[in-house]
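S.K.: Let me begin by handing over the structure; questions about it come next.
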Amino acid sequence: MSYWLVKSEPAAYSWEQLEKDKQTDWTGVRNYAARNHLKSMKKGDEVLYYHSNEGLEIVGIAKVSKEAYQDPTTKEAMWVAVELKPHKKLKKPVTLETIKKDKRLKDMALVRIGRLSVQPVAEKEWNTIMELAGEN
């Protein structure tokens, strides 16, 4: 299993909306690196759900329920989407400030490549985030 992080502005599509909808097509990604990460996602992979712009925190864990397929929001074949389902709301959100202060997370893509909307998360980073969220 691999671990990932996706970003969404709460005003556009919040964790609470994902929980209400019970699943969503993760569409609209138009960055090549982010698209390649979507293509690498496998069913069952776990995904940190990060609220960007407002909140600036990881709030939940989603799971990939359908692997990459043609993004229905465009006719351009190069763009893909995945389906995500909510798995678990974190006991305690993990803020970007907390992540940046933790030396164990200094190499995390969220810190190094902040603008990337879909990014991989190393297993040791995942475990650290779970510890910070009170999930261990």
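Please note that chains go A, B, ... in the order of the structure tokens, that every chain numbers its residues from 1, and that ligands are numbered from 1 in the order shown.
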Can you list, as a ChimeraX atom specification, all residues belonging to range 64-121 of chain A that DSSP tags as strand (DSSP E or B)?
M.R.: /A:64-70,80-95,118-121
S.K.: Could you list, as a list in words, every residue within 12 Å of Ala77 in chain A, counting only C-alpha atoms and ignoring same-chain residues fewer than 4 positions away?
M.R.: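 Those residues are Arg30, Arg35, Ala68, Tyr69, Gln70, Asp71, Pro72, Thr73 and Ala81 of chain A.
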S.K.: Given only C-alpha atoms as the basis, pick out the residue of A:Trp126, A:Trp15, A:Trp4, A:Trp79 nearest to Tyr32 in chain A.
M.R.: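 Comparing A:Trp126, A:Trp15, A:Trp4, A:Trp79 against Tyr32 in chain A, the winner is A:Trp79.
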S.K.: Can you list, as a PyMOL selection string, every protein, DNA or RNA residue that comes within 10 Å of range 132-134 of chain A when you count only C-alpha atoms, leaving out same-chain residues fewer than 3 positions away?
M.R.: chain A and resi 58-60+89-95+98-99+102+126-129
S.K.: Those residues with N, CA and C atoms, as a PDB file, in the first residue's frame please?
M.R.:
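Saved to again-v9.pdb:
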```pdb
ATOM      1  N   ILE A  58      -4.275  18.929   7.947  1.00  0.00           N
ATOM      2  CA  ILE A  58      -4.737  17.602   7.537  1.00  0.00           C
ATOM      3  C   ILE A  58      -5.880  17.246   8.473  1.00  0.00           C
ATOM      4  N   VAL A  59      -7.041  16.920   7.892  1.00  0.00           N
ATOM      5  CA  VAL A  59      -8.234  16.718   8.716  1.00  0.00           C
ATOM      6  C   VAL A  59      -8.786  15.299   8.681  1.00  0.00           C
ATOM      7  N   GLY A  60      -8.412  14.515   7.665  1.00  0.00           N
ATOM      8  CA  GLY A  60      -8.991  13.185   7.565  1.00  0.00           C
ATOM      9  C   GLY A  60      -8.179  12.262   6.686  1.00  0.00           C
ATOM     10  N   LYS A  89     -12.122  10.550  10.031  1.00  0.00           N
ATOM     11  CA  LYS A  89     -11.756  11.911  10.430  1.00  0.00           C
ATOM     12  C   LYS A  89     -10.681  11.789  11.496  1.00  0.00           C
ATOM     13  N   LEU A  90      -9.630  12.607  11.399  1.00  0.00           N
ATOM     14  CA  LEU A  90      -8.564  12.545  12.392  1.00  0.00           C
ATOM     15  C   LEU A  90      -9.071  13.021  13.751  1.00  0.00           C
ATOM     16  N   LYS A  91      -8.580  12.384  14.816  1.00  0.00           N
ATOM     17  CA  LYS A  91      -8.943  12.790  16.175  1.00  0.00           C
ATOM     18  C   LYS A  91      -8.557  14.241  16.405  1.00  0.00           C
ATOM     19  N   LYS A  92      -7.389  14.595  15.878  1.00  0.00           N
ATOM     20  CA  LYS A  92      -6.870  15.949  16.042  1.00  0.00           C
ATOM     21  C   LYS A  92      -6.265  16.380  14.704  1.00  0.00           C
ATOM     22  N   PRO A  93      -6.776  17.444  14.078  1.00  0.00           N
ATOM     23  CA  PRO A  93      -6.163  17.906  12.823  1.00  0.00           C
ATOM     24  C   PRO A  93      -4.684  18.236  13.030  1.00  0.00           C
ATOM     25  N   VAL A  94      -3.897  18.032  11.981  1.00  0.00           N
ATOM     26  CA  VAL A  94      -2.464  18.324  12.034  1.00  0.00           C
ATOM     27  C   VAL A  94      -2.207  19.531  11.145  1.00  0.00           C
ATOM     28  N   THR A  95      -1.817  20.633  11.766  1.00  0.00           N
ATOM     29  CA  THR A  95      -1.647  21.887  11.032  1.00  0.00           C
ATOM     30  C   THR A  95      -0.331  21.917  10.258  1.00  0.00           C
ATOM     31  N   THR A  98       2.481  22.846  12.529  1.00  0.00           N
ATOM     32  CA  THR A  98       3.005  21.707  13.293  1.00  0.00           C
ATOM     33  C   THR A  98       3.925  20.856  12.419  1.00  0.00           C
ATOM     34  N   ILE A  99       3.511  20.621  11.179  1.00  0.00           N
ATOM     35  CA  ILE A  99       4.302  19.808  10.243  1.00  0.00           C
ATOM     36  C   ILE A  99       5.647  20.467   9.980  1.00  0.00           C
ATOM     37  N   ASP A 102       8.160  20.075  12.878  1.00  0.00           N
ATOM     38  CA  ASP A 102       8.609  18.728  13.212  1.00  0.00           C
ATOM     39  C   ASP A 102       9.747  18.319  12.280  1.00  0.00           C
ATOM     40  N   TRP A 126       3.881   9.284   7.106  1.00  0.00           N
ATOM     41  CA  TRP A 126       2.508   8.888   7.457  1.00  0.00           C
ATOM     42  C   TRP A 126       2.432   8.562   8.948  1.00  0.00           C
ATOM     43  N   ASN A 127       3.374   7.754   9.421  1.00  0.00           N
ATOM     44  CA  ASN A 127       3.365   7.343  10.821  1.00  0.00           C
ATOM     45  C   ASN A 127       3.532   8.537  11.756  1.00  0.00           C
ATOM     46  N   THR A 128       4.360   9.492  11.367  1.00  0.00           N
ATOM     47  CA  THR A 128       4.543  10.704  12.166  1.00  0.00           C
ATOM     48  C   THR A 128       3.254  11.520  12.198  1.00  0.00           C
ATOM     49  N   ILE A 129       2.608  11.667  11.053  1.00  0.00           N
ATOM     50  CA  ILE A 129       1.329  12.406  10.999  1.00  0.00           C
ATOM     51  C   ILE A 129       0.293  11.716  11.893  1.00  0.00           C
TER      52      ILE A 129
END
```
S.K.: Would you tabulate, counting only C-alpha atoms, all residues of range 6-107 of chain A that have an atom at most 12 Å from an atom of range 115-123 of chain A, showing the closest pair of atoms and their distance in Å to one decimal, sorted by chain then ascending number, as a tab-separated table?
M.R.:
```
residue	atom	partner	partner_atom	distance
A:Val6	CA	A:Val118	CA	4.6
A:Lys7	CA	A:Ser117	CA	5.1
A:Ser8	CA	A:Ser117	CA	7.7
A:Glu9	CA	A:Ser117	CA	10.4
A:Trp26	CA	A:Val118	CA	10.0
A:Thr27	CA	A:Val118	CA	11.2
A:Gly28	CA	A:Ser117	CA	10.4
A:Val29	CA	A:Ser117	CA	7.8
A:Arg30	CA	A:Ser117	CA	9.6
A:Asn31	CA	A:Leu116	CA	8.0
A:Tyr32	CA	A:Leu116	CA	9.9
A:Ala33	CA	A:Leu116	CA	7.8
A:Ala34	CA	A:Val118	CA	4.8
A:Arg35	CA	A:Val118	CA	7.6
A:Asn36	CA	A:Val118	CA	9.0
A:His37	CA	A:Gln119	CA	6.3
A:Leu38	CA	A:Val118	CA	7.1
A:Lys39	CA	A:Val118	CA	10.6
A:Ser40	CA	A:Pro120	CA	9.5
A:Met41	CA	A:Pro120	CA	9.3
A:Asp45	CA	A:Pro120	CA	10.8
A:Glu46	CA	A:Val121	CA	9.7
A:Val47	CA	A:Val121	CA	8.6
A:Leu48	CA	A:Val121	CA	8.6
A:Tyr49	CA	A:Val118	CA	10.0
A:Tyr50	CA	A:Ser117	CA	9.3
A:His51	CA	A:Ser117	CA	10.6
A:Ser52	CA	A:Ser117	CA	9.2
A:Asn53	CA	A:Arg115	CA	10.6
A:Ala81	CA	A:Val118	CA	11.1
A:Val82	CA	A:Val118	CA	11.2
A:Arg104	CA	A:Ala122	CA	11.3
A:Leu105	CA	A:Ala122	CA	9.8
A:Lys106	CA	A:Ala122	CA	11.9
A:Asp107	CA	A:Ala122	CA	9.5
```
S.K.: From the DSSP assignment of the backbone, select every residue of chain A that is alpha helix (DSSP H), and format the answer as JSON, numbers by chain.
M.R.: {"A": [10, 11, 12, 13, 15, 16, 17, 18, 19, 20, 21, 32, 33, 34, 35, 36, 37, 38, 39, 40, 96, 97, 98, 99, 100, 101, 109, 110, 111, 112, 123, 124, 125, 126, 127, 128, 129, 130, 131, 132]}
S.K.: Those same residues, written as a compact mmCIF listing (two decimals), in the first residue's frame with C-alpha atoms?
M.R.:
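Resulting contents of out-v4.txt:
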```txt
# COMPACT_ATOMS: atom_id res chain seq x y z
CA PRO A 10 -12.75 23.79 2.34
CA ALA A 11 -14.97 26.32 0.56
CA ALA A 12 -14.64 24.32 -2.68
CA TYR A 13 -14.89 20.76 -1.29
CA TRP A 15 -13.80 16.93 4.34
CA GLU A 16 -17.30 17.31 5.75
CA GLN A 17 -18.71 17.36 2.21
CA LEU A 18 -16.76 14.21 1.33
CA GLU A 19 -18.22 12.49 4.41
CA LYS A 20 -21.71 13.63 3.42
CA ASP A 21 -21.27 12.50 -0.21
CA TYR A 32 1.55 16.90 -14.79
CA ALA A 33 3.29 15.83 -11.57
CA ALA A 34 -0.03 15.68 -9.67
CA ARG A 35 -1.60 13.75 -12.56
CA ASN A 36 1.24 11.22 -12.47
CA HIS A 37 0.59 10.72 -8.76
CA LEU A 38 -3.11 10.10 -9.49
CA LYS A 39 -2.07 7.50 -12.08
CA SER A 40 0.08 5.76 -9.46
CA LEU A 96 0.92 22.95 8.46
CA GLU A 97 2.63 24.91 11.23
CA THR A 98 3.01 21.71 13.29
CA ILE A 99 4.30 19.81 10.24
CA LYS A 100 6.89 22.49 9.46
CA LYS A 101 8.13 22.51 13.08
CA ALA A 109 6.44 17.06 -0.14
CA LEU A 110 3.91 19.30 1.66
CA VAL A 111 6.87 21.24 3.07
CA ARG A 112 9.16 21.09 0.03
CA GLU A 123 5.47 5.59 5.29
CA LYS A 124 7.60 7.21 8.03
CA GLU A 125 5.93 10.57 7.31
CA TRP A 126 2.51 8.89 7.46
CA ASN A 127 3.37 7.34 10.82
CA THR A 128 4.54 10.70 12.17
CA ILE A 129 1.33 12.41 11.00
CA MET A 130 -0.72 9.65 12.68
CA GLU A 131 1.24 10.20 15.91
CA LEU A 132 0.66 13.98 15.75
```
S.K.: What gap, in Å, lies between CA of Met108 in chain A and CA of Val80 in chain A?
M.R.: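 Going from CA of Met108 in chain A over to CA of Val80 in chain A covers 24.1 Å.
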S.K.: One decimal, in Å: what's the spacing between CA of Gly114 in chain A and CA of Glu54 in chain A?
M.R.: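 That distance, rounded to one decimal, is 14.4 Å.
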S.K.: Can you work out the spacing between CA of Lys66 in chain A and CA of Pro86 in chain A in Å, to one decimal?
M.R.: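 Rounded to one decimal, the two atoms are 12.8 Å apart.
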S.K.: Between A:Glu67, A:Lys43, A:Gln23, A:Ser14, single out the one closest to Gly55 in chain A, counting only C-alpha atoms.
M.R.: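 Once distances to Gly55 in chain A are computed over only C-alpha atoms, the minimum belongs to A:Ser14.
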